[in-house]
>>> print(open('coords_20.txt').read())   # compact mmCIF, C-alpha atoms
# COMPACT_ATOMS: atom_id res chain seq x y z
CA MET A 22 0.00 0.00 0.00
CA LYS A 23 1.41 3.38 -1.00
CA SER A 24 1.85 5.81 1.86
CA ASP A 25 0.16 9.20 1.51
CA SER A 26 3.26 10.83 2.96
CA ALA A 27 5.57 9.36 0.34
CA SER A 28 6.87 12.81 -0.54
CA SER A 29 7.81 13.67 3.03
CA SER A 30 11.39 13.21 4.08
CA ALA A 31 12.68 10.32 6.12
CA GLU A 32 12.48 12.54 9.22
CA GLY A 33 8.75 13.06 8.64
CA LYS A 34 9.19 16.65 7.51
CA LYS A 35 6.79 18.13 4.97
CA LYS A 36 8.36 19.31 1.71
CA ILE A 37 7.48 22.90 0.80
CA LEU A 38 8.34 24.57 -2.52
CA PHE A 39 8.24 28.36 -2.90
CA LEU A 40 7.88 29.52 -6.49
CA CYS A 41 8.58 32.90 -8.03
CA THR A 42 9.45 34.24 -11.45
CA HIS A 43 13.26 34.30 -11.28
CA ASN A 44 14.00 32.62 -7.96
CA SER A 45 16.14 35.60 -7.05
CA ALA A 46 14.51 37.32 -4.07
CA ARG A 47 11.02 36.47 -2.75
CA SER A 48 11.15 32.70 -3.09
CA GLN A 49 14.75 32.67 -1.85
CA MET A 50 13.83 34.68 1.25
CA ALA A 51 10.80 32.45 1.92
CA GLU A 52 12.97 29.34 1.64
CA GLY A 53 15.50 30.78 4.08
CA LEU A 54 12.84 31.96 6.52
CA LEU A 55 11.03 28.63 6.64
CA ARG A 56 14.25 26.65 6.96
CA ALA A 57 15.58 28.88 9.75
CA THR A 58 12.32 29.16 11.66
CA TYR A 59 10.67 25.76 11.23
CA GLY A 60 13.40 23.57 9.77
CA ASP A 61 12.61 20.93 12.34
CA ARG A 62 9.19 20.40 10.70
CA TYR A 63 9.62 21.41 7.06
CA GLU A 64 12.08 20.95 4.22
CA ALA A 65 12.13 24.24 2.36
CA TYR A 66 12.93 24.59 -1.33
CA SER A 67 12.57 27.37 -3.88
CA ALA A 68 12.53 27.62 -7.64
CA GLY A 69 11.60 29.97 -10.42
CA VAL A 70 9.83 29.87 -13.71
CA GLU A 71 13.36 30.58 -14.91
CA ALA A 72 16.57 30.65 -12.90
CA THR A 73 18.71 33.77 -12.67
CA ALA A 74 20.84 34.62 -9.60
CA VAL A 75 20.14 35.27 -5.95
CA ASP A 76 19.78 39.02 -5.45
CA SER A 77 22.51 40.37 -3.16
CA ARG A 78 19.98 42.70 -1.54
CA ALA A 79 17.89 39.68 -0.50
CA VAL A 80 21.02 38.10 0.99
CA ARG A 81 21.75 41.33 2.88
CA ALA A 82 18.16 41.75 4.14
CA MET A 83 18.14 38.21 5.46
CA SER A 84 21.58 38.53 7.10
CA GLU A 85 20.26 41.55 9.01
CA ILE A 86 17.95 39.17 10.91
CA GLY A 87 20.59 36.46 11.31
CA ILE A 88 19.60 34.20 8.41
CA ASP A 89 22.31 33.32 5.90
CA ILE A 90 21.01 32.57 2.40
CA SER A 91 24.33 33.32 0.70
CA GLY A 92 24.82 29.62 -0.04
CA GLN A 93 21.48 29.28 -1.82
CA ARG A 94 21.39 29.32 -5.61
CA SER A 95 18.73 30.21 -8.13
CA LYS A 96 16.99 27.12 -9.52
CA SER A 97 14.52 26.48 -12.28
CA SER A 98 11.39 24.52 -11.42
CA GLU A 99 12.59 21.94 -13.94
CA GLU A 100 15.16 20.79 -11.37
CA PHE A 101 12.31 19.35 -9.31
CA LEU A 102 10.45 17.31 -11.95
CA ASP A 103 10.82 14.08 -10.00
CA THR A 104 9.88 15.56 -6.63
CA VAL A 105 6.43 15.47 -5.11
CA PHE A 106 5.96 18.30 -2.60
CA ASP A 107 3.41 18.41 0.15
CA LEU A 108 2.79 22.07 -0.65
CA ALA A 109 3.80 24.53 -3.36
CA VAL A 110 3.42 28.24 -2.66
CA THR A 111 3.50 30.76 -5.47
CA VAL A 112 4.77 34.03 -4.01
CA CYS A 113 4.28 36.23 -7.05
CA ASP A 114 1.44 36.71 -9.49
CA ARG A 115 3.52 35.87 -12.55
CA ALA A 116 4.51 32.46 -11.13
CA ARG A 117 0.86 31.85 -10.31
CA GLN A 118 -0.10 32.61 -13.90
CA ALA A 119 2.64 30.28 -15.13
CA CYS A 120 1.05 27.44 -13.19
CA PRO A 121 0.48 24.60 -13.65
CA ILE A 122 4.13 24.91 -12.73
CA CYS A 123 3.02 22.48 -10.06
CA SER A 124 0.49 19.84 -10.80
CA THR A 125 -1.68 18.59 -7.99
CA ASN A 126 -2.30 15.34 -9.87
CA ILE A 127 0.65 13.52 -8.33
CA GLU A 128 -0.19 10.15 -9.85
CA LEU A 129 0.42 11.21 -13.45
CA PRO A 130 3.84 11.87 -14.99
CA ALA A 131 4.39 15.61 -15.32
CA ARG A 132 6.77 18.04 -16.94
CA THR A 133 6.53 20.24 -13.86
CA PRO A 134 7.05 19.70 -10.13
CA ARG A 135 4.06 18.14 -8.43
CA ALA A 136 2.46 19.05 -5.11
CA ARG A 137 -0.41 17.71 -3.07
CA GLU A 138 -1.62 21.28 -2.54
CA VAL A 139 -0.85 24.60 -4.23
CA ILE A 140 -1.58 27.95 -2.60
CA HIS A 141 -0.86 31.52 -3.62
CA ARG A 142 0.37 34.39 -1.45
CA SER A 143 1.63 37.29 -3.49
CA PHE A 144 4.32 39.63 -2.19
CA LEU A 145 5.44 42.80 -3.99
CA ASP A 146 8.67 42.45 -5.94
CA PRO A 147 11.32 44.34 -3.96
CA ALA A 148 13.71 44.17 -6.92
CA ALA A 149 11.30 46.38 -8.88
CA THR A 150 11.81 49.26 -6.44
CA ARG A 151 13.75 52.17 -7.90
CA GLY A 152 15.41 54.76 -5.75
CA SER A 153 18.41 55.18 -3.54
CA LYS A 154 20.24 52.12 -2.25
CA GLU A 155 18.58 52.68 1.13
CA GLU A 156 15.10 52.90 -0.45
CA GLU A 157 15.75 49.66 -2.32
CA MET A 158 16.92 47.95 0.87
CA GLN A 159 13.82 49.20 2.69
CA ALA A 160 11.69 47.42 0.06
CA PHE A 161 13.57 44.17 0.65
CA ARG A 162 13.20 44.54 4.42
CA LYS A 163 9.48 45.20 4.09
CA VAL A 164 8.90 42.08 1.99
CA ARG A 165 11.15 40.03 4.29
CA ASP A 166 9.15 41.13 7.34
CA GLU A 167 5.81 40.47 5.62
CA MET A 168 7.00 37.00 4.66
CA LYS A 169 8.28 36.33 8.16
CA ASP A 170 4.87 37.19 9.63
CA TRP A 171 3.01 35.15 7.00
CA ILE A 172 5.26 32.12 7.51
CA SER A 173 4.76 32.34 11.27
CA GLN A 174 0.98 32.53 10.86
CA THR A 175 0.85 29.80 8.22
CA PHE A 176 3.39 27.26 9.41
CA GLY A 177 3.93 28.14 13.06
CA ASP A 178 2.30 27.27 16.34
CA ASP A 179 0.96 30.77 16.91
CA GLY A 180 -1.42 30.61 13.99
CA ARG A 181 -3.12 28.31 11.57
CA THR A 182 -0.99 25.42 10.40
CA LEU A 183 -1.46 23.75 7.06
CA PHE A 184 -0.78 20.26 8.29
CA SER A 185 -2.07 18.56 11.39
CA PRO A 186 0.64 17.23 13.70
>>> encode(input="coords_20.txt", output="structure tokens")
Amino acid sequence: MKSDSASSSAEGKKKILFLCTHNSARSQMAEGLLRATYGDRYEAYSAGVEATAVDSRAVRAMSEIGIDISGQRSKSSEEFLDTVFDLAVTVCDRARQACPICSTNIELPARTPRAREVIHRSFLDPAATRGSKEEEMQAFRKVRDEMKDWISQTFGDDGRTLFSP
């Protein structure tokens, strides 16, 4: 009999994929936040519709709160074709429109990553902010803080959790 948690890791962690357009800022920050905050319960991954590079401003914004994402790299969703995730989260509207980047029909072969559930939570693109270096960093900090709050509410004990214990 096939286990319903076949995609979960050997440690019983749920696999979460954050998707964005370029996998350069928002999805990278979400991956780092989830890993640092709830890494005991979740395996965090991120990918983009297309891979580019991790934005140095995202790395800096995360380091300001003690989370190092400098070792993360930008990945295309195609790298995860053989992975079934428990949840995929699109964090930008363009990635949502590009869906079915994740198929919820996990039994069929797919040309995209598959997930048992797909949700959408859009965050503004901090890389689109134009201004002084400080104004640009403020945009990254704002998105980082919004993501931190959303991740706490969504995955943490202080709010609604997606998966029952």
>>> residues_around(input="coords_20.txt", residues="Thr58 (chain A)", least_positions_apart="2", cutoff="10 Å", atoms="all atoms listed in the file", output="list in words")
Gly53, Leu54, Leu55, Arg56, Gly60, Asp61, Arg62, Tyr63, Ile88, Lys169, Ile172, Ser173, Phe176 and Gly177 of chain A
>>> closest_residue(input="coords_20.txt", among="A:Thr104, A:Ser97, A:Thr150, A:Thr42", to="Pro134 (chain A)", atoms="only C-alpha atoms")
A:Thr104
>>> closest_residue(input="coords_20.txt", among="A:Thr133, A:Thr111, A:Thr73, A:Ser45", to="Ile90 (chain A)", atoms="all atoms listed in the file")
A:Ser45
>>> atom_distance(input="coords_20.txt", atom1="CA of Glu85 (chain A)", atom2="CA of Asp114 (chain A)")
26.8 Å
>>> atom_distance(input="coords_20.txt", atom1="CA of Ala109 (chain A)", atom2="CA of Leu40 (chain A)")
7.2 Å
>>> atom_distance(input="coords_20.txt", atom1="CA of Lys96 (chain A)", atom2="CA of Gly69 (chain A)")
6.2 Å
>>> residues_near_point(input="coords_20.txt", point="(18.1, 42.0, -3.5)", cutoff="10 Å", atoms="only C-alpha atoms", output="mmCIF file with C-alpha atoms, keeping the file's coordinate frame")
data_model
loop_
_atom_site.group_PDB
_atom_site.id
_atom_site.type_symbol
_atom_site.label_atom_id
_atom_site.label_comp_id
_atom_site.auth_asym_id
_atom_site.auth_seq_id
_atom_site.Cartn_x
_atom_site.Cartn_y
_atom_site.Cartn_z
ATOM 1 C CA SER A 45 16.140 35.600 -7.050
ATOM 2 C CA ALA A 46 14.510 37.320 -4.070
ATOM 3 C CA ARG A 47 11.020 36.470 -2.750
ATOM 4 C CA MET A 50 13.830 34.680 1.250
ATOM 5 C CA ALA A 74 20.840 34.620 -9.600
ATOM 6 C CA VAL A 75 20.140 35.270 -5.950
ATOM 7 C CA ASP A 76 19.780 39.020 -5.450
ATOM 8 C CA SER A 77 22.510 40.370 -3.160
ATOM 9 C CA ARG A 78 19.980 42.700 -1.540
ATOM 10 C CA ALA A 79 17.890 39.680 -0.500
ATOM 11 C CA VAL A 80 21.020 38.100 0.990
ATOM 12 C CA ARG A 81 21.750 41.330 2.880
ATOM 13 C CA ALA A 82 18.160 41.750 4.140
ATOM 14 C CA MET A 83 18.140 38.210 5.460
ATOM 15 C CA ASP A 146 8.670 42.450 -5.940
ATOM 16 C CA PRO A 147 11.320 44.340 -3.960
ATOM 17 C CA ALA A 148 13.710 44.170 -6.920
ATOM 18 C CA ALA A 149 11.300 46.380 -8.880
ATOM 19 C CA GLU A 157 15.750 49.660 -2.320
ATOM 20 C CA MET A 158 16.920 47.950 0.870
ATOM 21 C CA ALA A 160 11.690 47.420 0.060
ATOM 22 C CA PHE A 161 13.570 44.170 0.650
ATOM 23 C CA ARG A 162 13.200 44.540 4.420
#
>>> closest_residue(input="coords_20.txt", among="A:Ala68, A:Cys41, A:Ile86, A:Ala57", to="Asp166 (chain A)", atoms="only C-alpha atoms")
A:Ile86
>>> decode(input="coords_20.txt", residues="region 134-149 of chain A", atoms="all heavy atoms", output="PDB file, in the first residue's frame")
ATOM      1  N   PRO A 134       7.092  20.267 -11.471  1.00  0.00           N
ATOM      2  CA  PRO A 134       7.047  19.698 -10.131  1.00  0.00           C
ATOM      3  C   PRO A 134       5.594  19.425  -9.746  1.00  0.00           C
ATOM      4  O   PRO A 134       4.680  20.066 -10.235  1.00  0.00           O
ATOM      5  CB  PRO A 134       7.638  20.788  -9.251  1.00  0.00           C
ATOM      6  CG  PRO A 134       8.422  21.641 -10.160  1.00  0.00           C
ATOM      7  CD  PRO A 134       7.732  21.577 -11.483  1.00  0.00           C
ATOM      8  N   ARG A 135       5.412  18.482  -8.860  1.00  0.00           N
ATOM      9  CA  ARG A 135       4.064  18.140  -8.428  1.00  0.00           C
ATOM     10  C   ARG A 135       3.930  18.411  -6.934  1.00  0.00           C
ATOM     11  O   ARG A 135       4.886  18.265  -6.186  1.00  0.00           O
ATOM     12  CB  ARG A 135       3.774  16.679  -8.729  1.00  0.00           C
ATOM     13  CG  ARG A 135       3.710  16.431 -10.233  1.00  0.00           C
ATOM     14  CD  ARG A 135       3.663  14.974 -10.558  1.00  0.00           C
ATOM     15  NE  ARG A 135       5.021  14.431 -10.362  1.00  0.00           N
ATOM     16  CZ  ARG A 135       5.291  13.143 -10.320  1.00  0.00           C
ATOM     17  NH1 ARG A 135       4.345  12.255 -10.458  1.00  0.00           N
ATOM     18  NH2 ARG A 135       6.524  12.722 -10.156  1.00  0.00           N
ATOM     19  N   ALA A 136       2.721  18.785  -6.525  1.00  0.00           N
ATOM     20  CA  ALA A 136       2.461  19.050  -5.111  1.00  0.00           C
ATOM     21  C   ALA A 136       1.061  18.589  -4.764  1.00  0.00           C
ATOM     22  O   ALA A 136       0.159  18.629  -5.600  1.00  0.00           O
ATOM     23  CB  ALA A 136       2.602  20.542  -4.818  1.00  0.00           C
ATOM     24  N   ARG A 137       0.913  18.142  -3.543  1.00  0.00           N
ATOM     25  CA  ARG A 137      -0.406  17.714  -3.069  1.00  0.00           C
ATOM     26  C   ARG A 137      -1.361  18.888  -2.970  1.00  0.00           C
ATOM     27  O   ARG A 137      -2.559  18.751  -3.111  1.00  0.00           O
ATOM     28  CB  ARG A 137      -0.273  17.025  -1.722  1.00  0.00           C
ATOM     29  CG  ARG A 137       0.363  15.668  -1.824  1.00  0.00           C
ATOM     30  CD  ARG A 137       0.422  14.964  -0.471  1.00  0.00           C
ATOM     31  NE  ARG A 137       0.691  13.551  -0.669  1.00  0.00           N
ATOM     32  CZ  ARG A 137       1.859  13.057  -1.013  1.00  0.00           C
ATOM     33  NH1 ARG A 137       2.867  13.877  -1.240  1.00  0.00           N
ATOM     34  NH2 ARG A 137       2.039  11.764  -1.175  1.00  0.00           N
ATOM     35  N   GLU A 138      -0.808  20.071  -2.668  1.00  0.00           N
ATOM     36  CA  GLU A 138      -1.619  21.280  -2.543  1.00  0.00           C
ATOM     37  C   GLU A 138      -0.806  22.450  -3.081  1.00  0.00           C
ATOM     38  O   GLU A 138       0.410  22.504  -2.912  1.00  0.00           O
ATOM     39  CB  GLU A 138      -1.978  21.516  -1.072  1.00  0.00           C
ATOM     40  CG  GLU A 138      -2.869  22.702  -0.855  1.00  0.00           C
ATOM     41  CD  GLU A 138      -3.254  22.899   0.617  1.00  0.00           C
ATOM     42  OE1 GLU A 138      -2.883  22.069   1.458  1.00  0.00           O
ATOM     43  OE2 GLU A 138      -3.905  23.914   0.897  1.00  0.00           O
ATOM     44  N   VAL A 139      -1.480  23.385  -3.723  1.00  0.00           N
ATOM     45  CA  VAL A 139      -0.849  24.604  -4.232  1.00  0.00           C
ATOM     46  C   VAL A 139      -1.637  25.786  -3.688  1.00  0.00           C
ATOM     47  O   VAL A 139      -2.865  25.819  -3.798  1.00  0.00           O
ATOM     48  CB  VAL A 139      -0.830  24.649  -5.776  1.00  0.00           C
ATOM     49  CG1 VAL A 139      -0.196  25.948  -6.265  1.00  0.00           C
ATOM     50  CG2 VAL A 139      -0.091  23.446  -6.349  1.00  0.00           C
ATOM     51  N   ILE A 140      -0.925  26.726  -3.062  1.00  0.00           N
ATOM     52  CA  ILE A 140      -1.576  27.948  -2.598  1.00  0.00           C
ATOM     53  C   ILE A 140      -0.819  29.149  -3.162  1.00  0.00           C
ATOM     54  O   ILE A 140       0.318  29.023  -3.615  1.00  0.00           O
ATOM     55  CB  ILE A 140      -1.661  28.031  -1.056  1.00  0.00           C
ATOM     56  CG1 ILE A 140      -0.274  28.073  -0.419  1.00  0.00           C
ATOM     57  CG2 ILE A 140      -2.508  26.887  -0.503  1.00  0.00           C
ATOM     58  CD1 ILE A 140      -0.300  28.340   1.093  1.00  0.00           C
ATOM     59  N   HIS A 141      -1.470  30.305  -3.105  1.00  0.00           N
ATOM     60  CA  HIS A 141      -0.863  31.523  -3.617  1.00  0.00           C
ATOM     61  C   HIS A 141      -0.880  32.587  -2.534  1.00  0.00           C
ATOM     62  O   HIS A 141      -1.887  32.802  -1.870  1.00  0.00           O
ATOM     63  CB  HIS A 141      -1.639  32.018  -4.840  1.00  0.00           C
ATOM     64  CG  HIS A 141      -1.110  33.300  -5.392  1.00  0.00           C
ATOM     65  ND1 HIS A 141       0.129  33.398  -5.977  1.00  0.00           N
ATOM     66  CD2 HIS A 141      -1.645  34.539  -5.436  1.00  0.00           C
ATOM     67  CE1 HIS A 141       0.330  34.654  -6.367  1.00  0.00           C
ATOM     68  NE2 HIS A 141      -0.729  35.362  -6.049  1.00  0.00           N
ATOM     69  N   ARG A 142       0.257  33.231  -2.355  1.00  0.00           N
ATOM     70  CA  ARG A 142       0.372  34.386  -1.454  1.00  0.00           C
ATOM     71  C   ARG A 142       1.349  35.351  -2.097  1.00  0.00           C
ATOM     72  O   ARG A 142       2.552  35.143  -2.081  1.00  0.00           O
ATOM     73  CB  ARG A 142       0.852  33.944  -0.067  1.00  0.00           C
ATOM     74  CG  ARG A 142       1.133  35.072   0.916  1.00  0.00           C
ATOM     75  CD  ARG A 142      -0.042  36.037   1.067  1.00  0.00           C
ATOM     76  NE  ARG A 142       0.129  36.967   2.153  1.00  0.00           N
ATOM     77  CZ  ARG A 142       0.692  38.169   2.027  1.00  0.00           C
ATOM     78  NH1 ARG A 142       1.144  38.581   0.861  1.00  0.00           N
ATOM     79  NH2 ARG A 142       0.794  38.961   3.065  1.00  0.00           N
ATOM     80  N   SER A 143       0.804  36.361  -2.737  1.00  0.00           N
ATOM     81  CA  SER A 143       1.632  37.292  -3.486  1.00  0.00           C
ATOM     82  C   SER A 143       2.297  38.324  -2.579  1.00  0.00           C
ATOM     83  O   SER A 143       1.685  38.851  -1.658  1.00  0.00           O
ATOM     84  CB  SER A 143       0.774  38.019  -4.527  1.00  0.00           C
ATOM     85  OG  SER A 143       1.588  38.794  -5.368  1.00  0.00           O
ATOM     86  N   PHE A 144       3.562  38.583  -2.859  1.00  0.00           N
ATOM     87  CA  PHE A 144       4.324  39.632  -2.194  1.00  0.00           C
ATOM     88  C   PHE A 144       4.856  40.554  -3.283  1.00  0.00           C
ATOM     89  O   PHE A 144       5.242  40.091  -4.361  1.00  0.00           O
ATOM     90  CB  PHE A 144       5.500  39.040  -1.401  1.00  0.00           C
ATOM     91  CG  PHE A 144       5.078  38.172  -0.253  1.00  0.00           C
ATOM     92  CD1 PHE A 144       4.909  36.808  -0.427  1.00  0.00           C
ATOM     93  CD2 PHE A 144       4.826  38.719   0.999  1.00  0.00           C
ATOM     94  CE1 PHE A 144       4.515  35.997   0.628  1.00  0.00           C
ATOM     95  CE2 PHE A 144       4.427  37.920   2.061  1.00  0.00           C
ATOM     96  CZ  PHE A 144       4.268  36.556   1.866  1.00  0.00           C
ATOM     97  N   LEU A 145       4.897  41.853  -3.010  1.00  0.00           N
ATOM     98  CA  LEU A 145       5.436  42.800  -3.987  1.00  0.00           C
ATOM     99  C   LEU A 145       6.887  42.459  -4.297  1.00  0.00           C
ATOM    100  O   LEU A 145       7.622  41.972  -3.437  1.00  0.00           O
ATOM    101  CB  LEU A 145       5.331  44.224  -3.463  1.00  0.00           C
ATOM    102  CG  LEU A 145       3.916  44.791  -3.344  1.00  0.00           C
ATOM    103  CD1 LEU A 145       3.960  46.194  -2.758  1.00  0.00           C
ATOM    104  CD2 LEU A 145       3.218  44.799  -4.692  1.00  0.00           C
ATOM    105  N   ASP A 146       7.302  42.735  -5.523  1.00  0.00           N
ATOM    106  CA  ASP A 146       8.669  42.447  -5.942  1.00  0.00           C
ATOM    107  C   ASP A 146       9.595  43.553  -5.456  1.00  0.00           C
ATOM    108  O   ASP A 146       9.576  44.664  -5.987  1.00  0.00           O
ATOM    109  CB  ASP A 146       8.725  42.338  -7.470  1.00  0.00           C
ATOM    110  CG  ASP A 146      10.100  41.967  -7.983  1.00  0.00           C
ATOM    111  OD1 ASP A 146      11.023  41.741  -7.167  1.00  0.00           O
ATOM    112  OD2 ASP A 146      10.255  41.891  -9.217  1.00  0.00           O
ATOM    113  N   PRO A 147      10.432  43.288  -4.465  1.00  0.00           N
ATOM    114  CA  PRO A 147      11.318  44.340  -3.964  1.00  0.00           C
ATOM    115  C   PRO A 147      12.364  44.749  -4.997  1.00  0.00           C
ATOM    116  O   PRO A 147      12.834  45.887  -4.984  1.00  0.00           O
ATOM    117  CB  PRO A 147      11.963  43.719  -2.721  1.00  0.00           C
ATOM    118  CG  PRO A 147      11.916  42.247  -2.977  1.00  0.00           C
ATOM    119  CD  PRO A 147      10.653  42.018  -3.761  1.00  0.00           C
ATOM    120  N   ALA A 148      12.704  43.852  -5.893  1.00  0.00           N
ATOM    121  CA  ALA A 148      13.707  44.175  -6.917  1.00  0.00           C
ATOM    122  C   ALA A 148      13.190  45.203  -7.923  1.00  0.00           C
ATOM    123  O   ALA A 148      13.982  45.818  -8.630  1.00  0.00           O
ATOM    124  CB  ALA A 148      14.149  42.907  -7.639  1.00  0.00           C
ATOM    125  N   ALA A 149      11.881  45.407  -7.962  1.00  0.00           N
ATOM    126  CA  ALA A 149      11.302  46.384  -8.885  1.00  0.00           C
ATOM    127  C   ALA A 149      11.357  47.804  -8.328  1.00  0.00           C
ATOM    128  O   ALA A 149      11.091  48.759  -9.048  1.00  0.00           O
ATOM    129  CB  ALA A 149       9.858  46.009  -9.204  1.00  0.00           C
TER     130      ALA A 149
END
